[in-house]
file model-v4.pdb (PDB, C-alpha atoms)
ATOM      1  CA  PRO A   1      51.736-107.545 -52.350
ATOM      2  CA  GLY A   2      52.527-104.439 -54.366
ATOM      3  CA  LYS A   3      53.369-101.077 -52.911
ATOM      4  CA  CYS A   4      50.683 -98.429 -52.575
ATOM      5  CA  PRO A   5      51.016 -96.088 -55.579
ATOM      6  CA  TRP A   6      50.648 -92.899 -53.526
ATOM      7  CA  VAL A   7      53.323 -93.767 -50.945
ATOM      8  CA  SER A   8      56.522 -92.503 -52.492
ATOM      9  CA  LEU A   9      59.231 -90.049 -51.589
ATOM     10  CA  SER A  10      58.753 -87.879 -54.659
ATOM     11  CA  ARG A  11      55.143 -86.763 -54.556
ATOM     12  CA  LYS A  12      54.107 -83.852 -56.682
ATOM     13  CA  VAL A  13      52.425 -80.826 -55.217
ATOM     14  CA  ILE A  14      50.155 -78.693 -57.361
ATOM     15  CA  ARG A  15      48.647 -75.306 -56.601
ATOM     16  CA  LEU A  16      44.874 -75.052 -56.823
ATOM     17  CA  PRO A  17      42.887 -71.825 -57.252
ATOM     18  CA  PRO A  18      41.118 -70.448 -54.136
ATOM     19  CA  ASP A  19      37.640 -71.270 -55.503
ATOM     20  CA  VAL A  20      38.609 -74.948 -55.895
ATOM     21  CA  LEU A  21      40.019 -75.094 -52.356
ATOM     22  CA  ALA A  22      36.909 -73.374 -50.959
ATOM     23  CA  ARG A  23      34.597 -76.118 -52.257
ATOM     24  CA  TYR A  24      36.247 -78.621 -49.874
ATOM     25  CA  ALA A  25      36.126 -76.487 -46.706
ATOM     26  CA  GLY A  26      33.653 -77.707 -44.119
ATOM     27  CA  VAL A  27      33.034 -80.236 -41.373
ATOM     28  CA  TYR A  28      33.027 -83.952 -42.170
ATOM     29  CA  GLU A  29      31.604 -86.665 -39.899
ATOM     30  CA  GLY A  30      33.077 -90.157 -39.857
ATOM     31  CA  GLY A  31      34.572 -91.896 -36.838
ATOM     32  CA  GLY A  32      34.792 -88.371 -35.460
ATOM     33  CA  SER A  33      34.457 -84.840 -36.698
ATOM     34  CA  ILE A  34      37.086 -83.497 -39.101
ATOM     35  CA  THR A  35      37.241 -79.831 -40.072
ATOM     36  CA  ILE A  36      38.813 -78.876 -43.395
ATOM     37  CA  ALA A  37      39.697 -75.199 -43.848
ATOM     38  CA  VAL A  38      41.414 -73.045 -46.437
ATOM     39  CA  ASP A  39      44.722 -71.884 -44.941
ATOM     40  CA  GLY A  40      46.433 -69.410 -47.241
ATOM     41  CA  ASN A  41      46.900 -71.128 -50.608
ATOM     42  CA  GLN A  42      46.238 -74.672 -49.396
ATOM     43  CA  LEU A  43      43.846 -76.781 -47.339
ATOM     44  CA  ALA A  44      44.414 -77.789 -43.747
ATOM     45  CA  MET A  45      42.915 -80.315 -41.330
ATOM     46  CA  VAL A  46      41.993 -78.322 -38.234
ATOM     47  CA  SER A  47      41.858 -79.781 -34.737
ATOM     48  CA  GLY A  48      41.567 -77.172 -32.019
ATOM     49  CA  ALA A  49      44.513 -74.801 -32.444
ATOM     50  CA  ASN A  50      46.410 -77.275 -34.645
ATOM     51  CA  LYS A  51      46.399 -76.943 -38.422
ATOM     52  CA  THR A  52      47.912 -79.722 -40.507
ATOM     53  CA  PRO A  53      48.554 -78.679 -44.137
ATOM     54  CA  LEU A  54      47.040 -80.842 -46.878
ATOM     55  CA  LEU A  55      49.146 -80.749 -50.042
ATOM     56  CA  ALA A  56      47.296 -81.098 -53.350
ATOM     57  CA  GLU A  57      48.306 -83.928 -55.703
ATOM     58  CA  SER A  58      45.312 -83.392 -57.986
ATOM     59  CA  GLU A  59      42.106 -81.392 -57.885
ATOM     60  CA  THR A  60      40.495 -83.931 -55.520
ATOM     61  CA  SER A  61      43.450 -85.734 -53.897
ATOM     62  CA  PHE A  62      45.554 -84.375 -51.027
ATOM     63  CA  TYR A  63      48.175 -85.724 -48.632
ATOM     64  CA  ILE A  64      50.038 -84.784 -45.467
ATOM     65  CA  SER A  65      53.771 -84.300 -45.994
ATOM     66  CA  ASN A  66      56.066 -87.066 -44.702
ATOM     67  CA  THR A  67      53.158 -89.407 -43.910
ATOM     68  CA  ASN A  68      51.160 -92.057 -45.747
ATOM     69  CA  LEU A  69      47.907 -90.217 -45.018
ATOM     70  CA  ARG A  70      45.896 -89.356 -48.106
ATOM     71  CA  VAL A  71      42.567 -87.557 -48.438
ATOM     72  CA  GLU A  72      40.295 -87.921 -51.473
ATOM     73  CA  PHE A  73      37.246 -85.685 -51.827
ATOM     74  CA  ILE A  74      34.156 -87.264 -53.427
ATOM     75  CA  ARG A  75      31.647 -85.268 -55.465
ATOM     76  CA  ASP A  76      28.094 -86.188 -56.405
ATOM     77  CA  ALA A  77      26.570 -85.980 -59.883
ATOM     78  CA  THR A  78      26.015 -82.226 -59.501
ATOM     79  CA  GLY A  79      29.657 -81.620 -58.592
ATOM     80  CA  ALA A  80      28.937 -80.871 -54.916
ATOM     81  CA  VAL A  81      31.470 -82.312 -52.463
ATOM     82  CA  THR A  82      29.575 -84.836 -50.303
ATOM     83  CA  GLU A  83      32.287 -86.778 -48.500
ATOM     84  CA  MET A  84      35.953 -87.445 -48.118
ATOM     85  CA  VAL A  85      37.890 -90.673 -47.859
ATOM     86  CA  VAL A  86      40.861 -90.650 -45.487
ATOM     87  CA  GLN A  87      43.356 -93.412 -46.162
ATOM     88  CA  GLN A  88      46.372 -94.173 -44.003
ATOM     89  CA  GLY A  89      48.264 -97.311 -44.916
ATOM     90  CA  THR A  90      45.643-100.027 -45.192
ATOM     91  CA  HIS A  91      43.093 -98.210 -43.006
ATOM     92  CA  GLN A  92      40.369 -96.288 -44.824
ATOM     93  CA  GLU A  93      37.619 -94.158 -43.344
ATOM     94  CA  ARG A  94      34.795 -92.294 -45.046
ATOM     95  CA  ALA A  95      33.489 -89.036 -43.631
ATOM     96  CA  ARG A  96      30.264 -87.421 -44.866
ATOM     97  CA  ARG A  97      30.082 -83.669 -45.209
ATOM     98  CA  ARG A  98      27.729 -81.991 -42.747
TER      99      ARG A  98
END
call {"tool": "encode", "arguments": {"input": "model-v4.pdb", "output": "structure tokens"}}
result
Amino acid sequence: PGKCPWVSLSRKVIRLPPDVLARYAGVYEGGGSITIAVDGNQLAMVSGANKTPLLAESETSFYISNTNLRVEFIRDATGAVTEMVVQQGTHQERARRR
């Protein structure tokens, strides 16, 4: 089996404008509830008092530094963000936006 293309040591990080980041902020429901918030000039997964930065690889794809966890935001035909796909290794979970 081939290696996952997004698991590499040299991932790029891009900076996205605040209005792009803001469209992803919200609460997503999957196996549990995941809150995504704008934290300074990046997104973060928020759990209680803990904030885990999400680094942008593209306008819709983010990852957590030093992990194989990747988050892809899915938009509908109108451009509204409706869900996110969280992928860690071979495990994938979809979470619908509330």
call {"tool": "resolve_selection", "arguments": {"input": "model-v4.pdb", "expression": "the PyMOL selection byres ((chain A and resi 13) around 8)", "output": "list in words"}}
result
Arg11, Lys12, Ile14, Arg15, Leu55, Ala56 and Glu57 of chain A
call {"tool": "write_last_selection", "arguments": {"input": "model-v4.pdb", "atoms": "C-alpha atoms", "output": "PDB file, in the coordinates of the input"}}
result
ATOM      1  CA  ARG A  11      55.143 -86.763 -54.556  1.00  0.00           C
ATOM      2  CA  LYS A  12      54.107 -83.852 -56.682  1.00  0.00           C
ATOM      3  CA  ILE A  14      50.155 -78.693 -57.361  1.00  0.00           C
ATOM      4  CA  ARG A  15      48.647 -75.306 -56.601  1.00  0.00           C
ATOM      5  CA  LEU A  55      49.146 -80.749 -50.042  1.00  0.00           C
ATOM      6  CA  ALA A  56      47.296 -81.098 -53.350  1.00  0.00           C
ATOM      7  CA  GLU A  57      48.306 -83.928 -55.703  1.00  0.00           C
TER       8      GLU A  57
END
call {"tool": "closest_residue", "arguments": {"input": "model-v4.pdb", "among": "A:Thr67, A:Gln92, A:Thr82, A:Gln87", "to": "Arg23 in chain A", "atoms": "all atoms listed in the file"}}
result
A:Thr82
call {"tool": "residues_around", "arguments": {"input": "model-v4.pdb", "residues": "Ser47 in chain A", "least_positions_apart": "3", "cutoff": "9 Å", "atoms": "all atoms listed in the file", "output": "list in words"}}
result
Ile34, Thr35, Asn50, Lys51 and Thr52 of chain A
call {"tool": "write_last_selection", "arguments": {"input": "model-v4.pdb", "atoms": "C-alpha atoms", "output": "compact mmCIF listing (two decimals), keeping the file's coordinate frame"}}
result
# COMPACT_ATOMS: atom_id res chain seq x y z
CA ILE A 34 37.09 -83.50 -39.10
CA THR A 35 37.24 -79.83 -40.07
CA ASN A 50 46.41 -77.28 -34.65
CA LYS A 51 46.40 -76.94 -38.42
CA THR A 52 47.91 -79.72 -40.51
call {"tool": "atom_distance", "arguments": {"input": "model-v4.pdb", "atom1": "CA of Leu16 in chain A", "atom2": "CA of Thr90 in chain A"}}
result
27.6 Å
call {"tool": "residues_around", "arguments": {"input": "model-v4.pdb", "residues": "Leu69 in chain A", "least_positions_apart": "4", "cutoff": "7 Å", "atoms": "all atoms listed in the file", "output": "PDB file with C-alpha atoms, in the frame of the given file"}}
result
ATOM      1  CA  TYR A  63      48.175 -85.724 -48.632  1.00  0.00           C
ATOM      2  CA  ILE A  64      50.038 -84.784 -45.467  1.00  0.00           C
ATOM      3  CA  GLN A  87      43.356 -93.412 -46.162  1.00  0.00           C
ATOM      4  CA  GLN A  88      46.372 -94.173 -44.003  1.00  0.00           C
TER       5      GLN A  88
END
call {"tool": "atom_distance", "arguments": {"input": "model-v4.pdb", "atom1": "CA of Asp39 in chain A", "atom2": "CA of Ser61 in chain A"}}
result
16.5 Å
call {"tool": "resolve_selection", "arguments": {"input": "model-v4.pdb", "expression": "the PyMOL selection byres ((chain A and resi 30) around 6)", "output": "ChimeraX atom specification"}}
result
/A:29,31-32,94-95
call {"tool": "closest_residue", "arguments": {"input": "model-v4.pdb", "among": "A:Leu21, A:Thr60, A:Thr78, A:Gly48", "to": "Ser33 in chain A", "atoms": "all atoms listed in the file"}}
result
A:Gly48
call {"tool": "atom_distance", "arguments": {"input": "model-v4.pdb", "atom1": "CA of His91 in chain A", "atom2": "CA of Ala22 in chain A"}}
result
26.8 Å
call {"tool": "resolve_selection", "arguments": {"input": "model-v4.pdb", "expression": "the PyMOL selection byres ((chain A and resi 43) around 8)", "output": "ChimeraX atom specification"}}
result
/A:21,25,36-42,44-45,53-55
call {"tool": "write_last_selection", "arguments": {"input": "model-v4.pdb", "atoms": "C-alpha atoms", "output": "PDB file, in the coordinates of the input"}}
result
ATOM      1  CA  LEU A  21      40.019 -75.094 -52.356  1.00  0.00           C
ATOM      2  CA  ALA A  25      36.126 -76.487 -46.706  1.00  0.00           C
ATOM      3  CA  ILE A  36      38.813 -78.876 -43.395  1.00  0.00           C
ATOM      4  CA  ALA A  37      39.697 -75.199 -43.848  1.00  0.00           C
ATOM      5  CA  VAL A  38      41.414 -73.045 -46.437  1.00  0.00           C
ATOM      6  CA  ASP A  39      44.722 -71.884 -44.941  1.00  0.00           C
ATOM      7  CA  GLY A  40      46.433 -69.410 -47.241  1.00  0.00           C
ATOM      8  CA  ASN A  41      46.900 -71.128 -50.608  1.00  0.00           C
ATOM      9  CA  GLN A  42      46.238 -74.672 -49.396  1.00  0.00           C
ATOM     10  CA  ALA A  44      44.414 -77.789 -43.747  1.00  0.00           C
ATOM     11  CA  MET A  45      42.915 -80.315 -41.330  1.00  0.00           C
ATOM     12  CA  PRO A  53      48.554 -78.679 -44.137  1.00  0.00           C
ATOM     13  CA  LEU A  54      47.040 -80.842 -46.878  1.00  0.00           C
ATOM     14  CA  LEU A  55      49.146 -80.749 -50.042  1.00  0.00           C
TER      15      LEU A  55
END
call {"tool": "closest_residue", "arguments": {"input": "model-v4.pdb", "among": "A:Glu59, A:Pro18, A:Val27, A:Ala49", "to": "Ile74 in chain A", "atoms": "only C-alpha atoms"}}
result
A:Glu59
call {"tool": "closest_residue", "arguments": {"input": "model-v4.pdb", "among": "A:Arg97, A:Phe62, A:Val86, A:Arg70", "to": "Gly26 in chain A", "atoms": "all atoms listed in the file"}}
result
A:Arg97
call {"tool": "closest_residue", "arguments": {"input": "model-v4.pdb", "among": "A:Tyr28, A:Asn68, A:Val46, A:Phe73", "to": "Gly89 in chain A", "atoms": "all atoms listed in the file"}}
result
A:Asn68
call {"tool": "build_atoms", "arguments": {"input": "model-v4.pdb", "residues": "range 36-68 of chain A", "atoms": "N, CA and C atoms", "output": "mmCIF file, in the coordinates of the input"}}
result
data_model
loop_
_atom_site.group_PDB
_atom_site.id
_atom_site.type_symbol
_atom_site.label_atom_id
_atom_site.label_comp_id
_atom_site.auth_asym_id
_atom_site.auth_seq_id
_atom_site.Cartn_x
_atom_site.Cartn_y
_atom_site.Cartn_z
ATOM 1 N N ILE A 36 37.896 -79.231 -42.310
ATOM 2 C CA ILE A 36 38.813 -78.876 -43.395
ATOM 3 C C ILE A 36 38.640 -77.379 -43.636
ATOM 4 N N ALA A 37 39.751 -76.644 -43.660
ATOM 5 C CA ALA A 37 39.697 -75.199 -43.848
ATOM 6 C C ALA A 37 40.710 -74.772 -44.898
ATOM 7 N N VAL A 38 40.440 -73.647 -45.534
ATOM 8 C CA VAL A 38 41.414 -73.045 -46.437
ATOM 9 C C VAL A 38 42.387 -72.266 -45.555
ATOM 10 N N ASP A 39 43.674 -72.538 -45.724
ATOM 11 C CA ASP A 39 44.722 -71.884 -44.941
ATOM 12 C C ASP A 39 45.734 -71.305 -45.925
ATOM 13 N N GLY A 40 45.569 -70.019 -46.227
ATOM 14 C CA GLY A 40 46.433 -69.410 -47.241
ATOM 15 C C GLY A 40 46.110 -69.975 -48.605
ATOM 16 N N ASN A 41 47.118 -70.585 -49.259
ATOM 17 C CA ASN A 41 46.900 -71.128 -50.608
ATOM 18 C C ASN A 41 46.816 -72.646 -50.609
ATOM 19 N N GLN A 42 46.397 -73.226 -49.466
ATOM 20 C CA GLN A 42 46.238 -74.672 -49.396
ATOM 21 C C GLN A 42 45.135 -75.018 -48.401
ATOM 22 N N LEU A 43 44.817 -76.308 -48.321
ATOM 23 C CA LEU A 43 43.846 -76.781 -47.339
ATOM 24 C C LEU A 43 44.588 -77.227 -46.087
ATOM 25 N N ALA A 44 43.849 -77.272 -44.988
ATOM 26 C CA ALA A 44 44.414 -77.789 -43.747
ATOM 27 C C ALA A 44 43.342 -78.559 -42.994
ATOM 28 N N MET A 45 43.773 -79.616 -42.285
ATOM 29 C CA MET A 45 42.915 -80.315 -41.330
ATOM 30 C C MET A 45 43.065 -79.541 -40.035
ATOM 31 N N VAL A 46 41.949 -79.137 -39.445
ATOM 32 C CA VAL A 46 41.993 -78.322 -38.234
ATOM 33 C C VAL A 46 41.467 -79.117 -37.052
ATOM 34 N N SER A 47 42.258 -79.130 -35.977
ATOM 35 C CA SER A 47 41.858 -79.781 -34.737
ATOM 36 C C SER A 47 42.253 -78.843 -33.606
ATOM 37 N N GLY A 48 41.273 -78.161 -33.054
ATOM 38 C CA GLY A 48 41.567 -77.172 -32.019
ATOM 39 C C GLY A 48 42.443 -76.074 -32.595
ATOM 40 N N ALA A 49 43.593 -75.839 -31.966
ATOM 41 C CA ALA A 49 44.513 -74.801 -32.444
ATOM 42 C C ALA A 49 45.505 -75.351 -33.475
ATOM 43 N N ASN A 50 45.462 -76.659 -33.718
ATOM 44 C CA ASN A 50 46.410 -77.275 -34.645
ATOM 45 C C ASN A 50 45.877 -77.284 -36.064
ATOM 46 N N LYS A 51 46.733 -76.874 -37.000
ATOM 47 C CA LYS A 51 46.399 -76.943 -38.422
ATOM 48 C C LYS A 51 47.453 -77.802 -39.099
ATOM 49 N N THR A 52 47.007 -78.848 -39.777
ATOM 50 C CA THR A 52 47.912 -79.722 -40.507
ATOM 51 C C THR A 52 47.697 -79.492 -41.999
ATOM 52 N N PRO A 53 48.720 -78.971 -42.705
ATOM 53 C CA PRO A 53 48.554 -78.679 -44.137
ATOM 54 C C PRO A 53 48.259 -79.940 -44.957
ATOM 55 N N LEU A 54 47.336 -79.793 -45.898
ATOM 56 C CA LEU A 54 47.040 -80.842 -46.878
ATOM 57 C C LEU A 54 47.596 -80.367 -48.210
ATOM 58 N N LEU A 55 48.519 -81.118 -48.775
ATOM 59 C CA LEU A 55 49.146 -80.749 -50.042
ATOM 60 C C LEU A 55 48.368 -81.391 -51.187
ATOM 61 N N ALA A 56 48.102 -80.613 -52.224
ATOM 62 C CA ALA A 56 47.296 -81.098 -53.350
ATOM 63 C C ALA A 56 48.157 -81.892 -54.329
ATOM 64 N N GLU A 57 47.687 -83.106 -54.656
ATOM 65 C CA GLU A 57 48.306 -83.928 -55.703
ATOM 66 C C GLU A 57 47.524 -83.792 -56.997
ATOM 67 N N SER A 58 46.205 -83.587 -56.847
ATOM 68 C CA SER A 58 45.312 -83.392 -57.986
ATOM 69 C C SER A 58 44.190 -82.502 -57.481
ATOM 70 N N GLU A 59 43.193 -82.273 -58.306
ATOM 71 C CA GLU A 59 42.106 -81.392 -57.885
ATOM 72 C C GLU A 59 41.290 -81.986 -56.739
ATOM 73 N N THR A 60 41.299 -83.306 -56.580
ATOM 74 C CA THR A 60 40.495 -83.931 -55.520
ATOM 75 C C THR A 60 41.321 -84.745 -54.521
ATOM 76 N N SER A 61 42.615 -84.884 -54.736
ATOM 77 C CA SER A 61 43.450 -85.734 -53.897
ATOM 78 C C SER A 61 44.528 -84.922 -53.187
ATOM 79 N N PHE A 62 44.620 -85.123 -51.860
ATOM 80 C CA PHE A 62 45.554 -84.375 -51.027
ATOM 81 C C PHE A 62 46.298 -85.334 -50.111
ATOM 82 N N TYR A 63 47.435 -84.889 -49.582
ATOM 83 C CA TYR A 63 48.175 -85.724 -48.632
ATOM 84 C C TYR A 63 48.865 -84.839 -47.602
ATOM 85 N N ILE A 64 49.283 -85.478 -46.506
ATOM 86 C CA ILE A 64 50.038 -84.784 -45.467
ATOM 87 C C ILE A 64 51.504 -85.147 -45.662
ATOM 88 N N SER A 65 52.343 -84.126 -45.745
ATOM 89 C CA SER A 65 53.771 -84.300 -45.994
ATOM 90 C C SER A 65 54.399 -85.274 -44.996
ATOM 91 N N ASN A 66 55.299 -86.109 -45.511
ATOM 92 C CA ASN A 66 56.066 -87.066 -44.702
ATOM 93 C C ASN A 66 55.205 -88.093 -43.959
ATOM 94 N N THR A 67 54.013 -88.369 -44.483
ATOM 95 C CA THR A 67 53.158 -89.407 -43.910
ATOM 96 C C THR A 67 52.590 -90.233 -45.061
ATOM 97 N N ASN A 68 51.875 -91.291 -44.715
ATOM 98 C CA ASN A 68 51.160 -92.057 -45.747
ATOM 99 C C ASN A 68 49.666 -91.752 -45.672
#
